[in-house]
Every structure is written in C-alpha cells, then in structure tokens.
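Visitor: Got a structure for you, coords-v8.cif, holding mmCIF, C-alpha atoms and all ligand atoms.
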```
data_protein
#
loop_
_atom_site.label_atom_id
_atom_site.label_comp_id
_atom_site.auth_asym_id
_atom_site.auth_seq_id
_atom_site.Cartn_x
_atom_site.Cartn_y
_atom_site.Cartn_z
CA MET A 27 -24.99 -13.81 3.93
CA ALA A 28 -22.20 -15.96 2.47
CA VAL A 29 -18.83 -14.32 2.24
CA THR A 30 -17.25 -14.71 -1.18
CA THR A 31 -13.64 -15.75 -1.58
CA LYS A 32 -12.73 -12.23 -2.65
CA GLN A 33 -14.52 -10.61 0.27
CA HIS A 34 -13.01 -13.13 2.66
CA ALA A 35 -9.51 -12.34 1.47
CA TYR A 36 -10.11 -8.60 1.77
CA LEU A 37 -11.57 -8.95 5.25
CA GLN A 38 -8.71 -11.13 6.40
CA ALA A 39 -6.23 -8.73 4.89
CA MET A 40 -7.78 -5.98 6.98
CA GLY A 41 -7.41 -8.11 10.09
CA ILE A 42 -11.12 -9.00 10.31
CA GLU A 43 -11.71 -12.62 11.19
CA VAL A 44 -14.45 -14.36 9.21
CA PHE A 45 -16.10 -17.63 10.23
CA ILE A 46 -15.61 -20.33 7.62
CA PRO A 47 -17.54 -23.56 8.24
CA GLN A 48 -15.34 -26.52 9.13
CA GLY A 49 -14.21 -28.57 6.19
CA SER A 50 -14.68 -25.77 3.70
CA SER A 51 -12.33 -23.13 2.48
CA PRO A 52 -12.89 -20.22 0.17
CA VAL A 53 -12.16 -21.07 -3.44
CA GLY A 54 -8.90 -19.53 -4.52
CA ALA A 55 -7.51 -19.29 -0.97
CA PRO A 56 -3.78 -18.61 -1.00
CA MET A 57 -1.46 -21.57 -1.28
CA ALA A 58 1.57 -21.66 0.96
CA ALA A 59 4.69 -21.29 -1.13
CA VAL A 60 7.85 -23.25 -0.43
CA PRO A 61 10.00 -21.07 1.82
CA ALA A 62 13.56 -20.16 0.98
CA THR A 63 14.35 -18.59 4.30
CA PRO A 64 17.75 -18.33 6.00
CA GLU A 65 17.88 -19.90 9.46
CA SER A 66 18.29 -16.51 11.11
CA LEU A 67 14.80 -15.38 10.10
CA PRO A 68 11.48 -17.06 10.79
CA ASP A 69 9.90 -19.17 8.09
CA ILE A 70 6.83 -17.27 6.88
CA THR A 71 4.45 -18.74 4.39
CA THR A 72 0.98 -17.82 5.61
CA HIS A 73 -0.78 -14.60 6.52
CA THR A 74 -0.98 -15.53 10.21
CA GLN A 75 2.69 -16.42 10.31
CA ILE A 76 3.62 -13.17 8.60
CA VAL A 77 1.56 -11.19 11.12
CA ALA A 78 3.36 -12.92 13.99
CA ALA A 79 6.78 -12.73 12.37
CA THR A 80 6.62 -9.03 11.51
CA ARG A 81 5.05 -7.60 14.66
CA ASP A 82 8.25 -6.84 16.56
CA LEU A 83 10.67 -6.38 13.69
CA ASN A 84 12.73 -3.22 13.44
CA TRP A 85 13.22 -1.45 10.13
CA GLU A 86 16.24 -3.48 8.97
CA GLN A 87 14.73 -6.79 10.04
CA LEU A 88 11.47 -5.98 8.30
CA GLN A 89 13.30 -5.05 5.10
CA SER A 90 15.27 -8.32 5.26
CA GLN A 91 12.09 -10.30 5.82
CA VAL A 92 10.40 -8.68 2.83
CA SER A 93 13.43 -9.27 0.62
CA ILE A 94 13.25 -13.05 1.09
CA CYS A 95 9.48 -13.40 1.23
CA THR A 96 7.95 -16.25 -0.77
CA ALA A 97 4.46 -16.07 0.70
CA CYS A 98 2.65 -15.49 -2.58
CA GLU A 99 3.27 -16.47 -6.18
CA LEU A 100 4.66 -13.04 -7.07
CA HIS A 101 8.05 -14.04 -5.68
CA THR A 102 8.51 -16.31 -8.70
CA THR A 103 8.30 -13.47 -11.23
CA ARG A 104 9.86 -10.50 -9.41
CA SER A 105 13.38 -9.22 -10.12
CA GLN A 106 13.53 -7.94 -6.56
CA THR A 107 11.21 -6.75 -3.81
CA VAL A 108 10.27 -3.08 -3.59
CA PHE A 109 10.14 -2.22 0.09
CA GLY A 110 9.56 1.54 0.14
CA VAL A 111 11.49 4.77 0.16
CA GLY A 112 11.69 8.04 2.05
CA ASN A 113 11.81 9.34 5.57
CA PRO A 114 11.22 6.51 8.08
CA HIS A 115 9.71 9.10 10.45
CA ALA A 116 7.59 10.90 7.85
CA GLU A 117 4.35 12.65 8.74
CA ILE A 118 2.84 11.67 5.40
CA LEU A 119 2.77 8.12 4.06
CA PHE A 120 1.80 7.61 0.42
CA ILE A 121 0.56 4.14 -0.49
CA GLY A 122 0.15 2.85 -4.04
CA GLU A 123 -1.02 -0.55 -5.21
CA ALA A 124 2.08 -2.40 -6.45
CA PRO A 125 5.44 -1.95 -8.20
CA GLY A 126 5.50 -1.67 -11.98
CA ALA A 127 8.20 -2.75 -14.42
CA GLU A 128 10.56 0.13 -13.70
CA GLU A 129 10.09 -0.21 -9.94
CA ASP A 130 10.83 -3.94 -10.22
CA ARG A 131 14.05 -3.10 -12.09
CA GLN A 132 15.19 -0.37 -9.70
CA GLY A 133 13.85 -1.74 -6.41
CA GLU A 134 12.20 1.57 -5.55
CA PRO A 135 8.52 2.58 -5.67
CA PHE A 136 7.25 5.34 -7.93
CA VAL A 137 10.17 5.79 -10.28
CA GLY A 138 9.92 6.41 -14.03
CA ARG A 139 7.46 8.94 -15.44
CA ALA A 140 4.81 8.36 -12.78
CA GLY A 141 7.44 8.77 -10.10
CA GLN A 142 8.65 12.02 -11.65
CA LEU A 143 5.10 13.33 -11.64
CA LEU A 144 4.72 12.33 -7.98
CA ASN A 145 7.94 14.21 -7.21
CA GLU A 146 6.51 17.27 -8.98
CA MET A 147 3.27 16.96 -7.06
CA LEU A 148 5.26 16.88 -3.82
CA ARG A 149 7.33 19.88 -4.87
CA ALA A 150 4.08 21.75 -5.56
CA ILE A 151 3.35 21.60 -1.84
CA LYS A 152 6.98 22.31 -0.94
CA LEU A 153 7.93 18.75 -0.10
CA GLN A 154 10.77 16.55 -1.29
CA ARG A 155 10.55 12.82 -1.83
CA THR A 156 12.81 12.47 1.20
CA ASP A 157 10.30 14.30 3.42
CA VAL A 158 7.59 11.67 3.02
CA TYR A 159 7.46 7.89 2.90
CA ILE A 160 6.29 6.07 -0.23
CA ALA A 161 5.27 2.42 -0.28
CA ASN A 162 2.91 0.01 -2.00
CA ILE A 163 0.41 -2.53 -0.73
CA LEU A 164 2.37 -5.22 -2.59
CA LYS A 165 6.13 -5.43 -2.40
CA CYS A 166 6.47 -7.47 -5.61
CA ARG A 167 5.41 -6.65 -9.14
CA PRO A 168 2.34 -8.41 -10.54
CA PRO A 169 3.27 -9.70 -14.01
CA ASN A 170 2.09 -7.63 -16.99
CA ASN A 171 0.96 -4.90 -14.60
CA ARG A 172 -2.22 -6.78 -13.78
CA ASP A 173 -4.21 -5.75 -10.72
CA PRO A 174 -3.07 -7.30 -7.43
CA LYS A 175 -5.09 -10.38 -6.45
CA PRO A 176 -6.89 -10.29 -3.08
CA GLU A 177 -4.82 -13.19 -1.77
CA GLU A 178 -1.60 -11.35 -2.66
CA ALA A 179 -2.78 -8.26 -0.81
CA LEU A 180 -3.71 -10.50 2.11
CA GLN A 181 -0.25 -12.05 2.32
CA CYS A 182 1.60 -8.78 1.93
CA TRP A 183 -0.61 -6.69 4.25
CA PRO A 184 1.33 -7.36 7.51
CA PHE A 185 4.47 -5.87 5.99
CA LEU A 186 2.64 -2.61 5.28
CA GLN A 187 1.11 -2.67 8.74
CA GLN A 188 4.52 -3.00 10.36
CA GLN A 189 5.90 -0.21 8.16
CA ILE A 190 3.10 2.00 9.45
CA ALA A 191 3.78 0.94 13.05
CA LEU A 192 7.42 1.93 12.64
CA ILE A 193 6.89 5.18 10.70
CA GLN A 194 3.94 6.38 12.80
CA PRO A 195 2.78 8.88 10.17
CA LYS A 196 0.21 11.55 10.94
CA ILE A 197 -1.77 10.91 7.76
CA VAL A 198 -1.94 8.34 4.94
CA VAL A 199 -2.58 9.17 1.29
CA ALA A 200 -3.90 6.35 -0.88
CA LEU A 201 -2.70 6.84 -4.46
CA GLY A 202 -5.21 5.69 -7.05
CA ARG A 203 -8.44 3.77 -7.17
CA ILE A 204 -7.10 0.30 -6.50
CA ALA A 205 -5.02 1.27 -3.47
CA ALA A 206 -7.89 3.35 -2.09
CA GLN A 207 -10.51 0.67 -2.57
CA ARG A 208 -8.29 -2.08 -1.16
CA ILE A 209 -7.26 -0.07 1.88
CA LEU A 210 -10.75 1.21 2.61
CA HIS A 211 -12.40 -2.07 1.64
CA THR A 212 -14.95 -0.44 -0.60
CA ASP A 213 -16.11 -0.39 -4.20
CA THR A 214 -16.92 3.32 -4.06
CA PRO A 215 -15.46 5.15 -7.08
CA LEU A 216 -12.35 7.22 -6.43
CA ALA A 217 -14.16 10.44 -7.33
CA ARG A 218 -16.44 9.93 -4.30
CA LEU A 219 -13.59 9.01 -1.96
CA ARG A 220 -11.55 12.19 -2.57
CA GLN A 221 -11.77 15.42 -0.65
CA GLN A 222 -12.72 13.84 2.65
CA ILE A 223 -10.88 12.42 5.61
CA HIS A 224 -11.50 8.73 6.18
CA HIS A 225 -10.59 7.28 9.52
CA HIS A 226 -8.84 3.96 8.96
CA VAL A 227 -9.73 1.87 11.98
CA GLN A 228 -6.93 -0.69 11.67
CA PHE A 229 -4.26 1.93 11.01
CA ASN A 230 -5.95 4.24 13.53
CA LEU A 231 -5.00 7.06 11.22
CA PRO A 232 -6.70 9.64 9.04
CA LEU A 233 -6.51 8.75 5.37
CA ILE A 234 -7.22 10.70 2.22
CA VAL A 235 -7.43 9.60 -1.39
CA THR A 236 -6.12 11.05 -4.62
CA TYR A 237 -5.30 10.02 -8.15
CA HIS A 238 -2.40 7.75 -9.05
CA PRO A 239 0.26 9.70 -10.97
CA ALA A 240 0.22 7.08 -13.75
CA TYR A 241 -3.49 7.82 -14.22
CA LEU A 242 -2.76 11.55 -14.30
CA LEU A 243 -0.24 10.98 -17.09
CA ARG A 244 -3.03 9.35 -19.11
CA SER A 245 -5.69 11.85 -18.01
CA PRO A 246 -3.99 15.22 -17.56
CA GLN A 247 -7.38 16.93 -17.38
CA ASP A 248 -7.64 15.59 -13.83
CA LYS A 249 -4.38 17.16 -12.65
CA ARG A 250 -6.36 20.14 -11.39
CA LYS A 251 -8.34 17.83 -9.12
CA ALA A 252 -5.09 16.25 -7.92
CA TRP A 253 -3.89 19.72 -7.04
CA GLU A 254 -7.07 20.29 -5.03
CA ASP A 255 -6.33 17.03 -3.23
CA LEU A 256 -2.79 18.17 -2.40
CA LEU A 257 -4.16 21.37 -0.93
CA PHE A 258 -6.65 19.29 1.02
CA LEU A 259 -3.76 17.15 2.26
CA GLN A 260 -1.83 20.24 3.37
CA GLN A 261 -4.85 21.63 5.20
CA SER A 262 -5.70 18.29 6.79
CA LEU A 263 -2.15 17.86 8.06
CA ARG A 264 -2.19 21.38 9.48
CA ASP A 265 -5.48 20.63 11.27
CA ILE A 266 -4.15 17.33 12.66
CA THR A 267 -0.87 18.72 13.93
CA LYS A 268 -1.99 22.09 15.30
S1 LIG B 301 4.07 -9.60 -2.85
FE1 LIG B 301 4.41 -9.50 -0.62
S2 LIG B 301 3.58 -11.46 0.15
FE2 LIG B 301 3.93 -11.72 -2.07
S3 LIG B 301 6.02 -12.59 -2.24
FE3 LIG B 301 6.17 -10.33 -2.43
S4 LIG B 301 6.64 -9.61 -0.36
FE4 LIG B 301 5.81 -11.71 -0.17
#
```
Let me see whether you can do it: turn the structure in this file into structure tokens.

Guide:
Amino acid sequence: MAVTTKQHAYLQAMGIEVFIPQGSSPVGAPMAAVPATPESLPDITTHTQIVAATRDLNWEQLQSQVSICTACELHTTRSQTVFGVGNPHAEILFIGEAPGAEEDRQGEPFVGRAGQLLNEMLRAIKLQRTDVYIANILKCRPPNNRDPKPEEALQCWPFLQQQIALIQPKIVVALGRIAAQRILHTDTPLARLRQQIHHHVQFNLPLIVTYHPAYLLRSPQDKRKAWEDLLFLQQSLRDITK
C-alpha cells in the first residue's frame, strides 16, 4: 500500500523508516531552511541532522539549539521559541501540540487562561507547575493557531525526544486530541484514547491522554471527565512507582 506524504511524515517523525522509491519524494516533503547557526553549534536543517545533533546534548545545549533552530518555516513567524517549563527531573511530563499567541509572547508553554486552568488541574491533584514538566511537540507557534503540519512535527520531534531522554519521566500525559493523535500516530478520537494506559514504544514509557485545557474552557461540561483522567493519572503513577 502506498504511503501518503502525511503518513510518511508521521512515520518518520516517530522514527520509523519508510522505503521511498528512488527518484521520488513525498509531495510536500519538508524543505531545508537556510541555517542561521553560530559556529559553536552544529548546523541543523533536516530531521536526520537534528536527530544526530541533539542526541548527546545536555539541557542547556538542547535549549540553545532549539532557540536558534530554523529547520521548518515556523522560525520565520515566531517571536521566540518555547522550549518547555518545569522540573527537569519530573515524574510526569505533559505534552501539548504547539505554542499559542500568549506562549509565543512569553516564551513559556501553557500560559494565559488555558495555562491557568492547567495549573488548577494540577493543584486538584496536589501538584504545582514546578513539580511536573510541560512541553509541546512544536517549539514554535504556528501562525493563526492553525494545526501543526506533519513536516513541522517531523522536524521538531528530535527535540522532544531529547527532552524526554534528559527528564526520564515515569509517565507522559498527552494534552488534547492533536497531541494525542500525533504522538500515538492514530486517528482514534480522543474520547476512545482516554482512561487507558498506552505504551509508547519509541519513548518506552506509559502514556495517557486527556483534554487540552483550552478545549475545557470552551467545553466546561467535559471538566468532570478531565477530573476522572487526573485521578487515573494519579492511580497510574502510583501503580508504576510502587
Ligand atoms: S518548530 Fe521546531 S523544527 Fe520548526 S523552527 Fe521551531 S524549533 Fe525548529
């Protein structure tokens, strides 16, 4: 069965090599951007180069590499990169899809009203923002809050992977449908992904799914389900660490 451009990008982003016949390339494959990289850091413009360049980086080096990244077109419209925030040794890693306007302004993920709701959700299970780590699949804001493109997720994926390698969390929580579907490489609706532990092969970590706080602001009737998911997270973490 032919692999579509979109599927190919997703599979590559997950580290799964796909055979592409010689002389052909998937339509819409990412274009290498012109690097603007200081001499002290490697020039990274392709997914493979980013994988190689990030593998051994420590936290500060990784953050520096992200801050100057020009590997996808989002670098042309960002105010700044949004690396992540929280405890670099957290047991729980929350992953959203991409920064929004406020995150782009402040350089921190999950700020503004959605961020406040996430803080409240954490407090509900007796956690502070500083107890967990919060990151996004993409480190730069897609313009007009559009969904991340597969090729952007592909280029940015190694940064997230290296964050996970450095944090070594016990469990990952995907926030919202897009993050969940991208990370799990599925089209299954969020409602059917919740309340179960997925084993993420590439992360080699358990992963659970819940609603994005921005969605909960628009659909407060689902806050009860989000609460159930937080309890499920608590119980899952207890089971993993006992
Ligand atoms: S979104 Fe990721 S891959 Fe694209 S420019 Fe920003 S840091 Fe680089």

Visitor: Each residue of chain A lying at most 8 Å from ligand LIG 301 (chain B) should get a row with its shortest atom-to-atom pair and the distance in Å to one decimal, counting only C-alpha atoms and all ligand atoms; could you produce that, ordered by chain and increasing number, as a tab-separated table?

Guide:
```
residue	atom	partner	partner_atom	distance
A:Val92	CA	B:LIG301	S4	5.0
A:Ser93	CA	B:LIG301	S4	6.9
A:Ile94	CA	B:LIG301	S4	7.6
A:Cys95	CA	B:LIG301	FE4	4.3
A:Thr96	CA	B:LIG301	S3	4.4
A:Ala97	CA	B:LIG301	FE4	4.6
A:Cys98	CA	B:LIG301	FE2	4.0
A:Glu99	CA	B:LIG301	S3	6.2
A:Leu100	CA	B:LIG301	S3	5.0
A:His101	CA	B:LIG301	S3	4.2
A:Thr102	CA	B:LIG301	S3	7.9
A:Arg104	CA	B:LIG301	FE3	7.9
A:Thr107	CA	B:LIG301	FE3	6.3
A:Leu164	CA	B:LIG301	S1	4.7
A:Lys165	CA	B:LIG301	S1	4.7
A:Cys166	CA	B:LIG301	S1	4.2
A:Arg167	CA	B:LIG301	S1	7.1
A:Pro168	CA	B:LIG301	S1	8.0
A:Glu178	CA	B:LIG301	FE2	5.6
A:Ala179	CA	B:LIG301	S2	7.2
A:Leu180	CA	B:LIG301	S2	7.6
A:Gln181	CA	B:LIG301	S2	4.4
A:Cys182	CA	B:LIG301	S2	3.8
A:Trp183	CA	B:LIG301	FE1	7.5
A:Phe185	CA	B:LIG301	FE1	7.5
```

Visitor: List as a PyMOL selection string the residues having at least one atom at most 7 Å from position (-2.1, -12.8, 6.6) as given in the file, counting only C-alpha atoms.

Guide: chain A and resi 38-39+72-74+76-77+180-181+183-184

Visitor: So which residues fall inside 9 Å of (-5.1, 7.2, -2.6) if we count only C-alpha atoms? Mind giving them as a PyMOL selection string?

Guide: chain A and resi 120-122+198-207+209+216+219-220+233-238

Visitor: What lies within 12 Å of Leu192 (chain A) using only C-alpha atoms, ignoring chain neighbours under 6 positions off, as an MDAnalysis selection string?

Guide: chainID A and resid 80:89 113:117 119 159 185:186 229

Visitor: State, in Å with one decimal place, the distance from CA of Gly133 (chain A) to CA of Pro169 (chain A).

Guide: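 Value for the CA of Gly133 (chain A)-CA of Pro169 (chain A) distance: 15.3 Å.
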
Visitor: Between A:Leu257, A:His226, A:Lys268, A:Pro239, which is the closest to Gly138 (chain A) once you count only C-alpha atoms?

Guide: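 Closest to Gly138 (chain A) of all the choices is A:Pro239.
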
Visitor: Find the spatial neighbours of Ala140 (chain A), counting only C-alpha atoms, within a cut-off of 7 Å - ignore same-chain residues fewer than 4 positions away - and output them as a PyMOL selection string.

Guide: chain A and resi 136+144+239-240

Visitor: What does the distance from CA of Glu123 (chain A) to CA of Asn145 (chain A) come to in Å, to one decimal?

Guide: 17.4 Å

Visitor: Would you please work out which residue, of A:Val137, A:Ile190, A:Ile118, A:Ala127, is nearest to Val158 (chain A) when using all atoms listed in the file?

Guide: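 When distances to Val158 (chain A) are compared using all atoms listed in the file, the smallest one comes from A:Ile118.
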
Visitor: Of the candidates A:Gln188, A:Gln221, A:Gln228, A:Thr212, which shows the shortest atom-to-atom distance to Glu254 (chain A), using all atoms listed in the file?

Guide: A:Gln221

Visitor: List as a PyMOL selection string the protein and nucleic acid residues near Asp265 (chain A), meaning an atom at most 12 Å away when all atoms listed in the file are counted, but skip any in the same chain fewer than 4 places from it.

Guide: chain A and resi 196-197+223+232+258-261

Visitor: Identify which of the residues A:Gln132, A:Val108, A:Leu256, A:Ile266 lies closest to Leu153 (chain A), counting all atoms listed in the file when measuring atom-to-atom distances.

Guide: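 Checking each of A:Gln132, A:Val108, A:Leu256, A:Ile266 against Leu153 (chain A), counting all atoms listed in the file, the winner is A:Leu256.
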
Visitor: Could you please determine the separation between CA of Lys175 (chain A) and CA of Leu231 (chain A) in Å, to one decimal place?

Guide: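 For CA of Lys175 (chain A) relative to CA of Leu231 (chain A), the distance reads 24.8 Å.
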
Visitor: Between A:Ala79, A:Arg149, A:His211, A:Gln154, single out the one closest to Val227 (chain A), counting all atoms listed in the file.

Guide: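 The shortest atom-to-atom distance to Val227 (chain A) comes from A:His211.
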
Visitor: Using only C-alpha atoms, which of the listed residues (A:Pro176, A:Gly141, A:Gly110, A:Pro125) sits closest to Ala161 (chain A)?

Guide: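 Answer, going by the shortest atom-to-atom distance: A:Gly110.
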
Visitor: Got a minute to add N, CA and C atoms to region 241-259 of chain A and dump it as a tab-separated table (two decimals), in the coordinates of the input?

Guide:
```tsv
chain	number	residue	atom	x	y	z
A	241	TYR	N	-2.19	7.45	-13.66
A	241	TYR	CA	-3.49	7.82	-14.22
A	241	TYR	C	-3.45	9.28	-14.71
A	242	LEU	N	-2.81	10.13	-13.92
A	242	LEU	CA	-2.76	11.55	-14.30
A	242	LEU	C	-1.96	11.76	-15.59
A	243	LEU	N	-0.98	10.88	-15.83
A	243	LEU	CA	-0.24	10.98	-17.09
A	243	LEU	C	-1.16	10.65	-18.27
A	244	ARG	N	-2.09	9.72	-18.04
A	244	ARG	CA	-3.03	9.35	-19.11
A	244	ARG	C	-4.20	10.32	-19.18
A	245	SER	N	-4.51	10.98	-18.09
A	245	SER	CA	-5.69	11.85	-18.01
A	245	SER	C	-5.31	13.20	-17.41
A	246	PRO	N	-4.50	13.97	-18.14
A	246	PRO	CA	-3.99	15.22	-17.56
A	246	PRO	C	-5.09	16.20	-17.18
A	247	GLN	N	-6.28	16.02	-17.75
A	247	GLN	CA	-7.38	16.93	-17.38
A	247	GLN	C	-7.74	16.83	-15.90
A	248	ASP	N	-7.32	15.74	-15.26
A	248	ASP	CA	-7.64	15.59	-13.83
A	248	ASP	C	-6.52	16.08	-12.91
A	249	LYS	N	-5.47	16.65	-13.50
A	249	LYS	CA	-4.38	17.16	-12.65
A	249	LYS	C	-4.86	18.29	-11.73
A	250	ARG	N	-5.83	19.05	-12.23
A	250	ARG	CA	-6.36	20.14	-11.39
A	250	ARG	C	-7.00	19.58	-10.12
A	251	LYS	N	-7.71	18.46	-10.30
A	251	LYS	CA	-8.34	17.83	-9.12
A	251	LYS	C	-7.27	17.28	-8.18
A	252	ALA	N	-6.19	16.76	-8.76
A	252	ALA	CA	-5.09	16.25	-7.92
A	252	ALA	C	-4.48	17.39	-7.11
A	253	TRP	N	-4.40	18.55	-7.75
A	253	TRP	CA	-3.89	19.72	-7.04
A	253	TRP	C	-4.80	20.09	-5.87
A	254	GLU	N	-6.12	20.04	-6.12
A	254	GLU	CA	-7.07	20.29	-5.03
A	254	GLU	C	-6.85	19.30	-3.88
A	255	ASP	N	-6.55	18.05	-4.26
A	255	ASP	CA	-6.33	17.03	-3.23
A	255	ASP	C	-5.05	17.32	-2.43
A	256	LEU	N	-4.04	17.83	-3.11
A	256	LEU	CA	-2.79	18.17	-2.40
A	256	LEU	C	-3.03	19.31	-1.42
A	257	LEU	N	-3.82	20.28	-1.84
A	257	LEU	CA	-4.16	21.37	-0.93
A	257	LEU	C	-4.98	20.84	0.25
A	258	PHE	N	-5.85	19.91	-0.05
A	258	PHE	CA	-6.65	19.29	1.02
A	258	PHE	C	-5.74	18.53	1.98
A	259	LEU	N	-4.74	17.85	1.43
A	259	LEU	CA	-3.76	17.15	2.26
A	259	LEU	C	-3.03	18.12	3.18
```
